[in-house]
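The file protein23.cif contains mmCIF, C-alpha atoms:
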```cif
data_entry
#
loop_
_atom_site.label_atom_id
_atom_site.label_comp_id
_atom_site.auth_asym_id
_atom_site.auth_seq_id
_atom_site.Cartn_x
_atom_site.Cartn_y
_atom_site.Cartn_z
CA MET A 1 0.00 0.00 0.00
CA ASN A 2 1.61 3.25 -1.16
CA ILE A 3 0.76 5.97 1.37
CA LEU A 4 1.28 9.52 0.13
CA LYS A 5 2.28 12.43 2.36
CA GLY A 6 3.14 16.11 2.13
CA PRO A 7 4.29 17.47 -1.24
CA GLU A 8 3.93 14.04 -2.85
CA ALA A 9 0.27 13.96 -1.84
CA ARG A 10 -0.30 17.47 -3.22
CA ARG A 11 1.26 16.49 -6.53
CA ALA A 12 -0.93 13.38 -6.73
CA LEU A 13 -4.12 15.34 -6.03
CA GLN A 14 -3.27 18.29 -8.28
CA ARG A 15 -5.53 17.84 -11.30
CA GLN A 16 -3.94 17.33 -14.68
CA PHE A 17 -6.51 18.58 -17.17
CA SER A 18 -5.96 16.34 -20.16
CA GLU A 19 -8.06 14.40 -22.58
CA ILE A 20 -9.59 11.18 -21.27
CA PRO A 21 -7.36 8.31 -22.43
CA VAL A 22 -9.01 6.09 -25.02
CA PRO A 23 -8.82 2.37 -24.13
CA GLU A 24 -7.35 0.11 -26.77
CA SER A 25 -10.58 -1.91 -26.69
CA VAL A 26 -12.53 1.14 -27.90
CA LEU A 27 -10.21 1.64 -30.86
CA GLU A 28 -10.44 -2.06 -31.73
CA ARG A 29 -14.24 -1.98 -31.58
CA ASN A 30 -14.29 1.08 -33.81
CA GLU A 31 -12.12 -0.76 -36.32
CA ARG A 32 -14.53 -3.70 -36.34
CA LEU A 33 -17.58 -1.45 -36.75
CA TYR A 34 -16.22 1.01 -39.30
CA GLY A 35 -13.45 -0.85 -41.07
CA GLU A 36 -10.87 1.70 -39.95
CA ARG A 37 -9.23 2.68 -36.69
CA LEU A 38 -11.28 5.78 -35.95
CA THR A 39 -10.88 7.84 -32.79
CA PRO A 40 -14.01 8.45 -30.69
CA GLU A 41 -14.02 12.07 -31.94
CA GLN A 42 -14.04 10.88 -35.56
CA VAL A 43 -16.88 8.43 -34.82
CA VAL A 44 -18.95 11.13 -33.13
CA GLU A 45 -18.36 13.56 -36.01
CA ARG A 46 -19.52 10.92 -38.51
CA ILE A 47 -22.68 10.15 -36.52
CA LEU A 48 -23.62 13.78 -35.85
CA ASN A 49 -23.12 14.80 -39.46
CA ASP A 50 -25.30 11.90 -40.60
CA VAL A 51 -28.07 12.78 -38.13
CA LYS A 52 -27.95 16.40 -39.24
CA ALA A 53 -28.15 15.38 -42.91
CA ARG A 54 -30.63 12.49 -42.83
CA GLY A 55 -32.62 12.92 -39.63
CA ASP A 56 -34.80 9.95 -38.66
CA ALA A 57 -33.30 7.66 -41.29
CA ALA A 58 -29.87 8.09 -39.70
CA LEU A 59 -31.30 7.45 -36.23
CA TYR A 60 -32.83 4.15 -37.32
CA ASP A 61 -29.62 3.07 -39.08
CA TRP A 62 -27.28 3.99 -36.21
CA THR A 63 -29.54 2.39 -33.61
CA GLU A 64 -29.52 -0.84 -35.61
CA ARG A 65 -25.76 -0.70 -36.14
CA LEU A 66 -24.72 0.16 -32.60
CA ASP A 67 -27.52 -1.29 -30.44
CA GLY A 68 -28.31 -4.35 -32.54
CA TYR A 69 -31.98 -3.50 -32.95
CA ARG A 70 -33.95 -1.60 -35.58
CA PRO A 71 -36.98 -0.12 -33.81
CA GLN A 72 -40.40 0.01 -35.36
CA ALA A 73 -40.80 3.47 -33.85
CA LEU A 74 -38.29 5.75 -32.16
CA GLU A 75 -40.76 7.07 -29.61
CA VAL A 76 -42.27 4.95 -26.86
CA SER A 77 -46.03 5.01 -27.33
CA ALA A 78 -48.40 6.41 -24.73
CA GLU A 79 -49.90 2.93 -24.37
CA GLU A 80 -46.48 1.38 -23.73
CA LEU A 81 -45.64 4.08 -21.20
CA GLU A 82 -48.92 3.56 -19.38
CA ALA A 83 -48.64 -0.23 -19.38
CA ALA A 84 -45.17 -0.39 -17.80
CA THR A 85 -45.11 -1.93 -14.32
CA VAL A 86 -42.57 -2.77 -11.63
CA GLU A 87 -42.72 -4.69 -8.37
CA PRO A 88 -44.58 -2.89 -5.55
CA GLU A 89 -41.41 -2.45 -3.48
CA LEU A 90 -39.59 -0.79 -6.39
CA LEU A 91 -42.62 1.37 -7.13
CA SER A 92 -42.58 2.62 -3.53
CA ALA A 93 -38.84 3.32 -3.75
CA LEU A 94 -39.32 5.31 -6.97
CA GLU A 95 -42.15 7.31 -5.43
CA LEU A 96 -40.05 8.07 -2.34
CA ALA A 97 -37.06 9.17 -4.43
CA ILE A 98 -39.21 11.39 -6.65
CA SER A 99 -40.93 13.03 -3.69
CA ARG A 100 -37.67 13.73 -1.85
CA VAL A 101 -35.84 15.14 -4.89
CA ARG A 102 -38.84 17.32 -5.78
CA ALA A 103 -39.17 18.58 -2.19
CA PHE A 104 -35.47 19.47 -2.13
CA TYR A 105 -35.57 21.53 -5.33
CA ARG A 106 -38.76 23.31 -4.39
CA GLN A 107 -36.72 24.94 -1.64
CA GLN A 108 -34.23 26.45 -4.09
CA PRO A 109 -34.92 30.15 -4.71
CA ALA A 110 -36.17 30.31 -8.28
CA HIS A 111 -37.58 33.81 -8.67
CA GLY A 112 -36.16 37.05 -9.97
CA PHE A 113 -36.52 40.53 -8.53
CA LEU A 114 -37.51 44.01 -9.71
CA GLU A 115 -36.45 46.85 -7.44
CA HIS A 116 -38.06 50.30 -7.85
CA GLY A 117 -36.09 53.26 -6.53
CA PRO A 118 -35.41 56.93 -7.15
CA ASP A 119 -33.40 56.07 -10.27
CA GLY A 120 -36.09 53.86 -11.83
CA ALA A 121 -36.15 50.07 -11.85
CA LEU A 122 -33.50 47.36 -12.08
CA GLY A 123 -34.00 43.65 -11.80
CA GLN A 124 -33.98 40.17 -13.24
CA LEU A 125 -36.67 38.13 -14.91
CA ILE A 126 -36.44 34.35 -14.53
CA ARG A 127 -37.93 32.29 -17.35
CA PRO A 128 -37.82 28.50 -17.83
CA LEU A 129 -36.28 27.00 -20.93
CA SER A 130 -38.89 25.88 -23.46
CA ARG A 131 -37.71 22.32 -24.01
CA VAL A 132 -35.02 20.20 -22.34
CA GLY A 133 -33.53 16.85 -23.31
CA VAL A 134 -32.55 14.36 -20.62
CA TYR A 135 -30.12 11.58 -21.56
CA VAL A 136 -30.51 8.47 -19.40
CA PRO A 137 -27.67 5.91 -19.73
CA GLY A 138 -28.81 2.34 -20.16
CA GLY A 139 -25.87 0.37 -21.53
CA LEU A 140 -24.71 -1.61 -18.49
CA ALA A 141 -27.77 -0.90 -16.33
CA PRO A 142 -30.89 1.27 -16.49
CA LEU A 143 -29.93 4.41 -14.56
CA VAL A 144 -33.43 5.33 -13.49
CA SER A 145 -31.96 7.56 -10.78
CA THR A 146 -30.42 9.78 -13.46
CA LEU A 147 -33.87 10.38 -14.92
CA ILE A 148 -35.17 11.42 -11.49
CA HIS A 149 -32.15 13.60 -10.70
CA THR A 150 -32.23 15.55 -13.97
CA ALA A 151 -35.88 15.72 -15.02
CA ILE A 152 -37.21 16.87 -11.65
CA PRO A 153 -34.96 19.96 -11.30
CA ALA A 154 -36.01 20.88 -14.86
CA GLN A 155 -39.64 20.33 -13.99
CA VAL A 156 -39.41 22.42 -10.81
CA ALA A 157 -37.74 25.14 -12.89
CA GLY A 158 -40.93 25.29 -14.92
CA VAL A 159 -39.74 23.68 -18.17
CA PRO A 160 -42.98 22.80 -20.00
CA GLU A 161 -41.57 20.00 -22.18
CA ILE A 162 -38.97 17.39 -21.17
CA ILE A 163 -37.74 14.87 -23.75
CA VAL A 164 -36.05 11.66 -22.54
CA THR A 165 -33.72 9.51 -24.63
CA THR A 166 -32.31 6.19 -23.45
CA PRO A 167 -30.66 3.28 -25.29
CA PRO A 168 -32.92 0.34 -26.17
CA GLY A 169 -32.13 -3.22 -25.23
CA ARG A 170 -31.40 -5.87 -27.86
CA ASN A 171 -35.13 -6.44 -28.30
CA GLY A 172 -35.91 -2.75 -28.37
CA ASP A 173 -37.41 -2.65 -24.90
CA ILE A 174 -36.83 0.17 -22.45
CA HIS A 175 -36.45 -1.01 -18.86
CA PRO A 176 -39.87 -0.70 -17.20
CA ALA A 177 -38.39 1.18 -14.20
CA ILE A 178 -37.42 4.04 -16.53
CA LEU A 179 -40.89 4.13 -18.07
CA VAL A 180 -42.61 3.98 -14.69
CA ALA A 181 -40.37 6.75 -13.31
CA ALA A 182 -41.09 8.90 -16.36
CA ARG A 183 -44.82 8.39 -15.82
CA LEU A 184 -44.60 9.21 -12.11
CA ILE A 185 -42.57 12.35 -12.78
CA GLY A 186 -44.92 13.47 -15.52
CA VAL A 187 -42.60 13.06 -18.51
CA SER A 188 -44.65 11.87 -21.48
CA ARG A 189 -42.08 11.64 -24.30
CA VAL A 190 -39.43 8.91 -24.19
CA PHE A 191 -37.32 7.83 -27.19
CA ARG A 192 -35.41 4.62 -27.88
CA LEU A 193 -32.15 6.37 -28.61
CA GLY A 194 -28.71 6.18 -27.10
CA GLY A 195 -25.17 7.30 -27.84
CA ALA A 196 -24.05 10.18 -30.01
CA GLN A 197 -27.07 9.72 -32.28
CA ALA A 198 -29.39 10.61 -29.39
CA ILE A 199 -27.40 13.77 -28.66
CA GLY A 200 -27.51 14.69 -32.34
CA ALA A 201 -31.27 14.18 -32.47
CA LEU A 202 -31.82 16.39 -29.43
CA ALA A 203 -29.46 19.07 -30.70
CA TYR A 204 -30.57 19.28 -34.33
CA GLY A 205 -34.12 17.91 -34.20
CA THR A 206 -35.63 15.43 -36.67
CA ASP A 207 -39.12 14.63 -37.89
CA SER A 208 -39.66 12.42 -34.85
CA VAL A 209 -37.43 13.98 -32.19
CA PRO A 210 -37.94 17.66 -31.40
CA GLY A 211 -34.82 19.77 -30.97
CA VAL A 212 -34.25 21.07 -27.45
CA ASP A 213 -32.72 24.13 -25.82
CA LYS A 214 -30.46 22.20 -23.44
CA ILE A 215 -29.25 18.62 -22.93
CA ALA A 216 -28.59 17.22 -19.46
CA GLY A 217 -27.41 13.86 -18.20
CA PRO A 218 -24.23 11.76 -18.11
CA GLY A 219 -23.17 9.12 -20.60
CA ASN A 220 -20.25 7.18 -22.02
CA LEU A 221 -17.25 8.68 -23.81
CA PHE A 222 -19.13 9.05 -27.10
CA VAL A 223 -22.04 10.84 -25.41
CA VAL A 224 -19.72 13.26 -23.62
CA ILE A 225 -17.82 14.04 -26.83
CA ALA A 226 -21.12 14.56 -28.69
CA LYS A 227 -22.33 16.97 -26.00
CA ARG A 228 -19.10 18.92 -26.34
CA VAL A 229 -19.49 19.11 -30.14
CA VAL A 230 -23.12 20.31 -30.11
CA PHE A 231 -22.55 22.89 -27.38
CA GLY A 232 -23.49 26.24 -28.89
CA GLN A 233 -26.24 24.70 -30.98
CA VAL A 234 -27.78 23.80 -27.63
CA GLY A 235 -26.82 24.26 -24.00
CA ILE A 236 -25.34 21.47 -21.89
CA GLU A 237 -25.27 21.19 -18.12
CA SER A 238 -21.75 19.71 -17.97
CA LEU A 239 -19.40 17.15 -19.48
CA PRO A 240 -19.59 14.42 -16.82
CA GLY A 241 -16.54 12.18 -16.60
CA PRO A 242 -15.69 9.14 -14.46
CA THR A 243 -16.98 9.40 -10.91
CA GLU A 244 -14.77 10.15 -7.91
CA THR A 245 -15.09 10.13 -4.13
CA LEU A 246 -12.72 11.53 -1.52
CA VAL A 247 -13.22 10.17 2.00
CA LEU A 248 -11.72 12.26 4.80
CA ALA A 249 -11.50 10.17 7.97
CA ASP A 250 -9.86 10.37 11.39
CA ASP A 251 -9.09 7.67 13.95
CA SER A 252 -12.75 7.54 15.03
CA ALA A 253 -13.95 6.24 11.64
CA ASP A 254 -15.11 2.67 11.23
CA PRO A 255 -12.88 0.98 8.60
CA ARG A 256 -15.89 -1.00 7.36
CA TYR A 257 -17.79 2.15 6.48
CA VAL A 258 -14.78 3.83 4.90
CA ALA A 259 -14.11 0.80 2.69
CA ALA A 260 -17.78 0.46 1.79
CA ASP A 261 -18.04 4.11 0.73
CA LEU A 262 -14.91 3.86 -1.40
CA LEU A 263 -16.12 0.68 -3.11
CA ALA A 264 -19.58 2.13 -3.73
CA GLN A 265 -17.98 4.51 -6.22
CA ALA A 266 -15.13 2.24 -7.27
CA GLU A 267 -17.60 -0.14 -8.92
CA HIS A 268 -18.24 2.51 -11.60
CA LEU A 269 -16.01 2.04 -14.62
CA GLY A 270 -13.02 4.37 -14.51
CA ALA A 271 -13.78 5.62 -10.99
CA GLU A 272 -11.13 7.25 -8.80
CA PRO A 273 -11.43 6.56 -5.05
CA VAL A 274 -9.36 8.73 -2.70
CA LEU A 275 -8.81 8.20 1.02
CA VAL A 276 -7.29 10.92 3.20
CA SER A 277 -6.81 10.22 6.91
CA THR A 278 -4.93 11.50 9.92
CA SER A 279 -4.53 7.92 11.17
CA ARG A 280 -2.02 5.49 9.70
CA GLU A 281 -3.70 2.69 11.65
CA LEU A 282 -6.99 3.46 9.92
CA LEU A 283 -5.35 3.40 6.50
CA VAL A 284 -3.97 -0.07 7.18
CA ALA A 285 -7.32 -1.30 8.53
CA VAL A 286 -9.20 0.08 5.52
CA GLN A 287 -6.84 -1.73 3.15
CA ALA A 288 -7.70 -5.03 4.83
CA GLU A 289 -11.41 -4.20 4.68
CA LEU A 290 -11.17 -3.31 0.99
CA ASN A 291 -9.66 -6.69 0.19
CA GLY A 292 -12.36 -8.54 2.08
CA GLN A 293 -15.27 -6.51 0.75
CA LEU A 294 -13.94 -6.74 -2.80
CA GLU A 295 -13.94 -10.52 -2.66
CA ALA A 296 -17.52 -10.49 -1.39
CA LEU A 297 -18.80 -8.52 -4.39
CA PRO A 298 -20.40 -10.43 -7.28
CA GLU A 299 -19.04 -10.23 -10.78
CA PRO A 300 -18.72 -8.06 -12.79
CA ASN A 301 -18.87 -5.52 -9.94
CA ARG A 302 -15.83 -7.10 -8.29
CA SER A 303 -13.69 -6.68 -11.41
CA TRP A 304 -14.85 -3.10 -12.00
CA ALA A 305 -14.16 -2.10 -8.40
CA ARG A 306 -10.81 -3.91 -8.28
CA ASP A 307 -9.67 -2.09 -11.41
CA SER A 308 -10.54 1.28 -9.84
CA VAL A 309 -8.81 0.42 -6.55
CA GLU A 310 -5.66 -1.02 -8.11
CA ALA A 311 -5.25 1.44 -10.97
CA ARG A 312 -6.47 4.77 -9.62
CA MET A 313 -6.95 4.75 -5.83
CA LYS A 314 -4.93 7.31 -3.87
CA ILE A 315 -4.20 6.92 -0.14
CA VAL A 316 -2.99 9.97 1.78
CA LEU A 317 -1.78 10.40 5.36
CA ALA A 318 -2.45 13.97 6.51
CA ASP A 319 -0.85 15.61 9.55
CA SER A 320 -4.20 17.15 10.54
CA LEU A 321 -7.80 17.43 9.44
CA GLU A 322 -7.02 20.98 8.32
CA GLU A 323 -4.38 19.65 5.95
CA GLY A 324 -6.84 16.99 4.81
CA LEU A 325 -9.40 19.66 3.94
CA ASP A 326 -6.77 21.70 2.11
CA LEU A 327 -5.95 18.64 0.02
CA SER A 328 -9.63 18.04 -0.63
CA ASN A 329 -10.14 21.64 -1.76
CA LEU A 330 -7.14 21.24 -4.07
CA TYR A 331 -8.59 18.06 -5.55
CA ALA A 332 -12.17 19.48 -5.76
CA PRO A 333 -13.89 16.07 -5.64
CA GLU A 334 -17.27 15.22 -7.05
CA HIS A 335 -18.12 13.65 -3.68
CA LEU A 336 -16.55 14.51 -0.32
CA CYS A 337 -17.40 12.17 2.56
CA LEU A 338 -16.60 13.39 6.08
CA LEU A 339 -16.19 10.40 8.39
CA THR A 340 -14.71 12.10 11.44
CA ARG A 341 -15.45 12.55 15.11
CA ASP A 342 -17.14 15.93 14.54
CA PRO A 343 -17.86 16.24 10.81
CA TRP A 344 -20.10 19.29 11.13
CA ALA A 345 -17.18 21.28 12.53
CA LEU A 346 -15.36 20.77 9.21
CA LEU A 347 -18.15 21.87 6.88
CA GLY A 348 -17.27 25.56 7.01
CA ARG A 349 -13.79 24.86 5.63
CA VAL A 350 -15.06 23.03 2.55
CA GLN A 351 -14.48 25.28 -0.47
CA ARG A 352 -14.64 23.01 -3.53
CA ALA A 353 -16.76 19.88 -3.92
CA GLY A 354 -19.77 18.71 -5.86
CA GLY A 355 -21.46 17.38 -2.74
CA VAL A 356 -20.53 16.94 0.92
CA PHE A 357 -21.77 13.89 2.81
CA VAL A 358 -21.61 14.58 6.53
CA GLY A 359 -21.22 11.66 8.93
CA GLU A 360 -21.52 7.91 8.69
CA SER A 361 -25.31 7.91 8.14
CA SER A 362 -24.96 10.15 5.07
CA MET A 363 -23.15 7.80 2.74
CA GLU A 364 -22.73 8.99 -0.83
CA ALA A 365 -24.60 5.95 -2.14
CA LEU A 366 -27.74 7.27 -0.44
CA GLY A 367 -27.25 10.57 -2.26
CA ASP A 368 -27.17 8.71 -5.56
CA TYR A 369 -30.82 7.79 -5.10
CA LEU A 370 -33.07 9.65 -2.70
CA ALA A 371 -31.34 11.96 -0.24
CA GLY A 372 -32.63 14.96 -2.22
CA PRO A 373 -29.90 16.80 -4.20
CA SER A 374 -29.16 15.68 -7.76
CA HIS A 375 -26.41 13.13 -8.14
CA VAL A 376 -25.30 14.76 -11.41
CA MET A 377 -22.29 16.59 -9.98
CA PRO A 378 -19.12 18.14 -11.43
CA THR A 379 -16.25 15.71 -12.02
CA GLY A 380 -12.60 15.92 -13.01
CA GLY A 381 -11.89 18.91 -10.79
CA THR A 382 -14.60 21.06 -12.40
CA ALA A 383 -16.14 21.54 -8.94
CA ARG A 384 -13.66 24.45 -8.81
CA PHE A 385 -16.07 26.39 -11.04
CA MET A 386 -19.21 24.30 -11.58
CA SER A 387 -22.14 23.12 -9.48
CA PRO A 388 -24.41 20.08 -9.32
CA VAL A 389 -27.48 20.07 -11.54
CA ASN A 390 -30.04 22.44 -10.07
CA VAL A 391 -33.09 24.52 -10.95
CA ARG A 392 -31.02 27.37 -12.39
CA ASP A 393 -29.58 25.03 -15.03
CA PHE A 394 -32.98 25.06 -16.70
CA GLN A 395 -33.82 28.74 -16.56
CA ASN A 396 -32.89 31.93 -18.36
CA ILE A 397 -32.00 35.00 -16.33
CA ILE A 398 -33.04 38.18 -18.14
CA SER A 399 -31.71 41.53 -16.92
CA VAL A 400 -34.19 44.44 -16.69
CA VAL A 401 -33.02 48.05 -16.97
CA GLY A 402 -35.55 50.88 -16.52
CA VAL A 403 -33.48 53.99 -15.65
CA ASN A 404 -35.41 57.29 -15.48
CA ALA A 405 -34.35 60.64 -16.93
CA ALA A 406 -33.14 62.06 -13.63
CA ALA A 407 -30.77 59.16 -13.09
CA LEU A 408 -29.65 59.34 -16.73
CA GLY A 409 -28.69 62.96 -16.22
CA ARG A 410 -26.43 61.93 -13.33
CA ILE A 411 -24.80 58.80 -14.72
CA GLY A 412 -25.04 59.37 -18.49
CA PRO A 413 -21.94 61.58 -18.86
CA ALA A 414 -19.76 58.96 -17.15
CA ALA A 415 -21.20 56.26 -19.44
CA ALA A 416 -20.46 58.40 -22.52
CA LEU A 417 -16.89 58.95 -21.32
CA LEU A 418 -16.38 55.20 -20.86
CA ALA A 419 -17.77 54.59 -24.37
CA ARG A 420 -15.31 57.05 -25.94
CA THR A 421 -12.46 55.51 -23.92
CA GLU A 422 -13.30 52.23 -25.65
CA GLY A 423 -13.44 53.93 -29.06
CA LEU A 424 -17.20 53.42 -29.43
CA GLU A 425 -18.41 56.83 -30.60
CA ALA A 426 -21.91 55.68 -31.58
CA HIS A 427 -22.43 54.40 -28.04
CA ALA A 428 -21.46 57.77 -26.61
CA ARG A 429 -23.73 59.65 -29.00
CA ALA A 430 -26.69 57.39 -28.23
CA ILE A 431 -26.32 58.33 -24.56
CA GLU A 432 -25.76 62.02 -25.22
CA SER A 433 -28.75 62.29 -27.54
CA ARG A 434 -30.97 61.68 -24.49
CA LEU A 435 -28.98 64.06 -22.33
CA GLN A 436 -29.62 66.85 -24.84
CA GLN A 437 -33.41 66.48 -24.60
CA ASP A 438 -35.25 69.24 -22.78
CA GLY A 439 -37.67 66.92 -20.97
CA ASP A 440 -37.67 67.55 -17.24
CA ASP A 441 -40.41 65.29 -15.93
CA GLY A 442 -37.83 62.70 -14.80
CA THR A 443 -39.69 59.82 -16.45
CA ALA A 444 -38.00 59.38 -19.83
CA ALA A 445 -37.88 55.63 -19.37
CA GLY A 446 -41.54 55.47 -18.44
CA THR A 447 -43.05 54.47 -15.14
CA ALA A 448 -41.96 50.92 -14.38
CA PRO A 449 -44.89 48.62 -13.71
CA THR A 450 -44.86 46.01 -10.99
CA LEU A 451 -43.89 42.74 -12.65
CA THR A 452 -44.06 39.15 -11.58
CA SER A 453 -40.61 37.69 -12.10
#
```
Take the structure in the file and give it back as structure tokens.
Amino acid sequence: MNILKGPEARRALQRQFSEIPVPESVLERNERLYGERLTPEQVVERILNDVKARGDAALYDWTERLDGYRPQALEVSAEELEAATVEPELLSALELAISRVRAFYRQQPAHGFLEHGPDGALGQLIRPLSRVGVYVPGGLAPLVSTLIHTAIPAQVAGVPEIIVTTPPGRNGDIHPAILVAARLIGVSRVFRLGGAQAIGALAYGTDSVPGVDKIAGPGNLFVVIAKRVVFGQVGIESLPGPTETLVLADDSADPRYVAADLLAQAEHLGAEPVLVSTSRELLVAVQAELNGQLEALPEPNRSWARDSVEARMKIVLADSLEEGLDLSNLYAPEHLCLLTRDPWALLGRVQRAGGVFVGESSMEALGDYLAGPSHVMPTGGTARFMSPVNVRDFQNIISVVGVNAAALGRIGPAAALLARTEGLEAHARAIESRLQQDGDDGTAAGTAPTLTS
């Protein structure tokens, strides 16, 4: 077990912002599918250009080629959506998750403001996006939680139309849990589409799939590249990469819980688990627990988790919890788990993280499903400047300026001077043309009405 300390630990946790390495297996698969050794970027470009040029026909062809099934219809019918069922226990779990996530986001301030004062009115209008696309991964497993954690914030934001795309199975079926969750949430349009072709359909629109204003949701390498390419044509909430969890623990932590929390994320492909502790004894005990808990996992979860632990896990011995938090803020993890004697005392020092999970009863795995906040969080160190999916991701903020003539008389000359400093003479003259008016009623901008924002 290689335990990092001091400058070596800082170097290991300092993010290196580089392209995601492409596994050899991906290049080999591309060669089998396309007859040449294409990079993922080249594959995505080919798919997106085809969707843009041929619309639905390209969607049918790429779904057949990549998913092994040619659907009769791209959209799930209303009858199919209504007929989907799951076991009563799962139905109750879905209902609980939906209610908790919705209750959480209803607490987020979502309104603008319009302040009237002596100078007129200034404010912000908040308006929901018109149509949003939610991508729900379904390759290895149906990620029904992703549907809940992206569609509900959009719905609470007031988005009137939410379009869901998710890869079909080999027989064209969509997992019933996804259909039931969509029905419970109130999403009525679900499409059998995955991969870059789904992103292309949402971005460009086809006869069957309406184009959207913004695309949200994680996916595989091809989905992430496609989202990056179409950004500008549409908005995107982020470019989610492999998941990561940093556990900060002291000598009071239970090694079983620490190991369990690390493995819960390690079982995702490409995950990076990080353990920072002030106790060398705990680090040794967690290593033993990891080995035992790994062996107890079923396949393929055991192999996925072992790969993450052996290839990417970082173990750090910190001199103090303060140093541990400094290292965490440097790393800016997607998930930060505080398993210490007094975790609440540390919360104020957290500066950069997608989500903080405070204490042993608040394991990150719970947050993946029904704690409340969305599990779509910034990865790869982007928590330095990005936030988890939230209501604001699905709204426009519109500035309102209603300055009156009296205020213009005071501030206009300074604005004209700034315009000329920037070499923008027409700007300056537009301002001065109002200053030269003889009106003295102080209401050149009109009387601002009271608006609902």
- Name all residues at most 9 Å from A:Asp56 (count only C-alpha atoms; drop same-chain ones fewer than 3 positions away) and give them as a list in words. Val51, Leu59, Tyr60, Asp61, Leu74, Ala201, Thr206, Asp207, Ser208 and Val209 of chain A
- Message: Here's the selection I'm unsure about, the PyMOL selection byres ((chain A and resi 291-301) around 10); applied to the file above, which residues does it give, as a list of chain:residue names?
- Response: A:Arg256, A:Ala259, A:Ala260, A:Leu263, A:Ala264, A:Ala266, A:Glu267, A:His268, A:Leu269, A:Val286, A:Gln287, A:Ala288, A:Glu289, A:Leu290, A:Arg302, A:Ser303, A:Trp304, A:Ala305, A:Arg306, A:Asp307, A:Val309
- Which is closer to A:Tyr204 than all the others in A:Asn49, A:Ser252, A:Ser279, A:Ser188, using all atoms listed in the file? A:Asn49
- Task: Pick out the closest residue to A:Gly241 from this set: A:Asn390, A:Ser77, A:Ser362, A:Thr379. Count only C-alpha atoms.
- Result: A:Thr379
- Query: Once the PyMOL selection byres ((chain A and resi 179) around 12) has been applied to the shown file, what residues remain in the selection, as a PyMOL selection string?
  - Reply: chain A and resi 75-86+91+94+136+142-144+147-148+164-166+168+173-178+180-192
- Selection result of the PyMOL selection byres ((chain A and resi 337) around 10) on this file, as an MDAnalysis selection string: chainID A and resid 245:249 258 261:262 275 333 335:336 338:340 343 355:360 362:364
- Task: Can you work out which one of A:His149, A:Ile98, A:Leu38, A:Glu323 has the shortest atom-to-atom distance to A:Pro7, counting all atoms listed in the file?
- Result: A:Glu323
- Which polymer residues have any atom within 9 Å of an atom of A:His427, counting all atoms listed in the file, with same-chain residues fewer than 6 positions away left out, as a PyMOL selection string? chain A and resi 415-416+419-420
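For the atom pair formed by atom CA of A:Gly133 and atom CA of A:Ala97, the distance is 20.7 Å, given to one decimal.
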- Message: Report as a ChimeraX atom specification all protein, DNA and RNA residues lying within 7 Å of stretch 218-228 of chain A, evaluated on all atoms listed in the file, omitting residues in the same chain fewer than 4 positions from it.
- Response: /A:40-41,44,135,137,195-196,199,236,239-240
- One-decimal distance in Å that lies between atom CA of A:Gly232 and atom CA of A:Asp213: 10.0 Å
- Residue with smallest distance to A:Asn329 - pool A:Thr278, A:Asn404, A:Gln14, A:Ser99, counting all atoms listed in the file: A:Gln14
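Nearest residue to A:Ile3 among A:Asn171, A:Ser277, A:Gln42, A:Gln265 is A:Ser277, counting all atoms listed in the file.
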- Write out as number ranges by chain each polymer residue whose atoms come within 9 Å of A:Tyr369, counting only C-alpha atoms; drop sequence neighbours fewer than 3 positions from it. A: 97, 101, 145-146, 148-149, 365-366, 372, 374-375
- Message: When you count all atoms listed in the file, which of these residues is closest to A:Pro21: A:Gly381, A:Gly235, A:Gly68, A:Pro242?
- Response: A:Pro242
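When atom CA of A:Ala371 is paired with atom CA of A:Gly354, their separation reads 14.5 Å.
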- Query: What lies within 9 Å of A:Ile315 using only C-alpha atoms, ignoring chain neighbours under 3 positions off, as a ChimeraX atom specification?
  - Reply: /A:1-5,9,273-277,283
File of the preceding selection, C-alpha atoms, as a CSV table (one decimal), in the frame of the given file:
```csv
chain,number,residue,atom,x,y,z
A,1,MET,CA,0.0,0.0,0.0
A,2,ASN,CA,1.6,3.2,-1.2
A,3,ILE,CA,0.8,6.0,1.4
A,4,LEU,CA,1.3,9.5,0.1
A,5,LYS,CA,2.3,12.4,2.4
A,9,ALA,CA,0.3,14.0,-1.8
A,273,PRO,CA,-11.4,6.6,-5.0
A,274,VAL,CA,-9.4,8.7,-2.7
A,275,LEU,CA,-8.8,8.2,1.0
A,276,VAL,CA,-7.3,10.9,3.2
A,277,SER,CA,-6.8,10.2,6.9
A,283,LEU,CA,-5.4,3.4,6.5
```
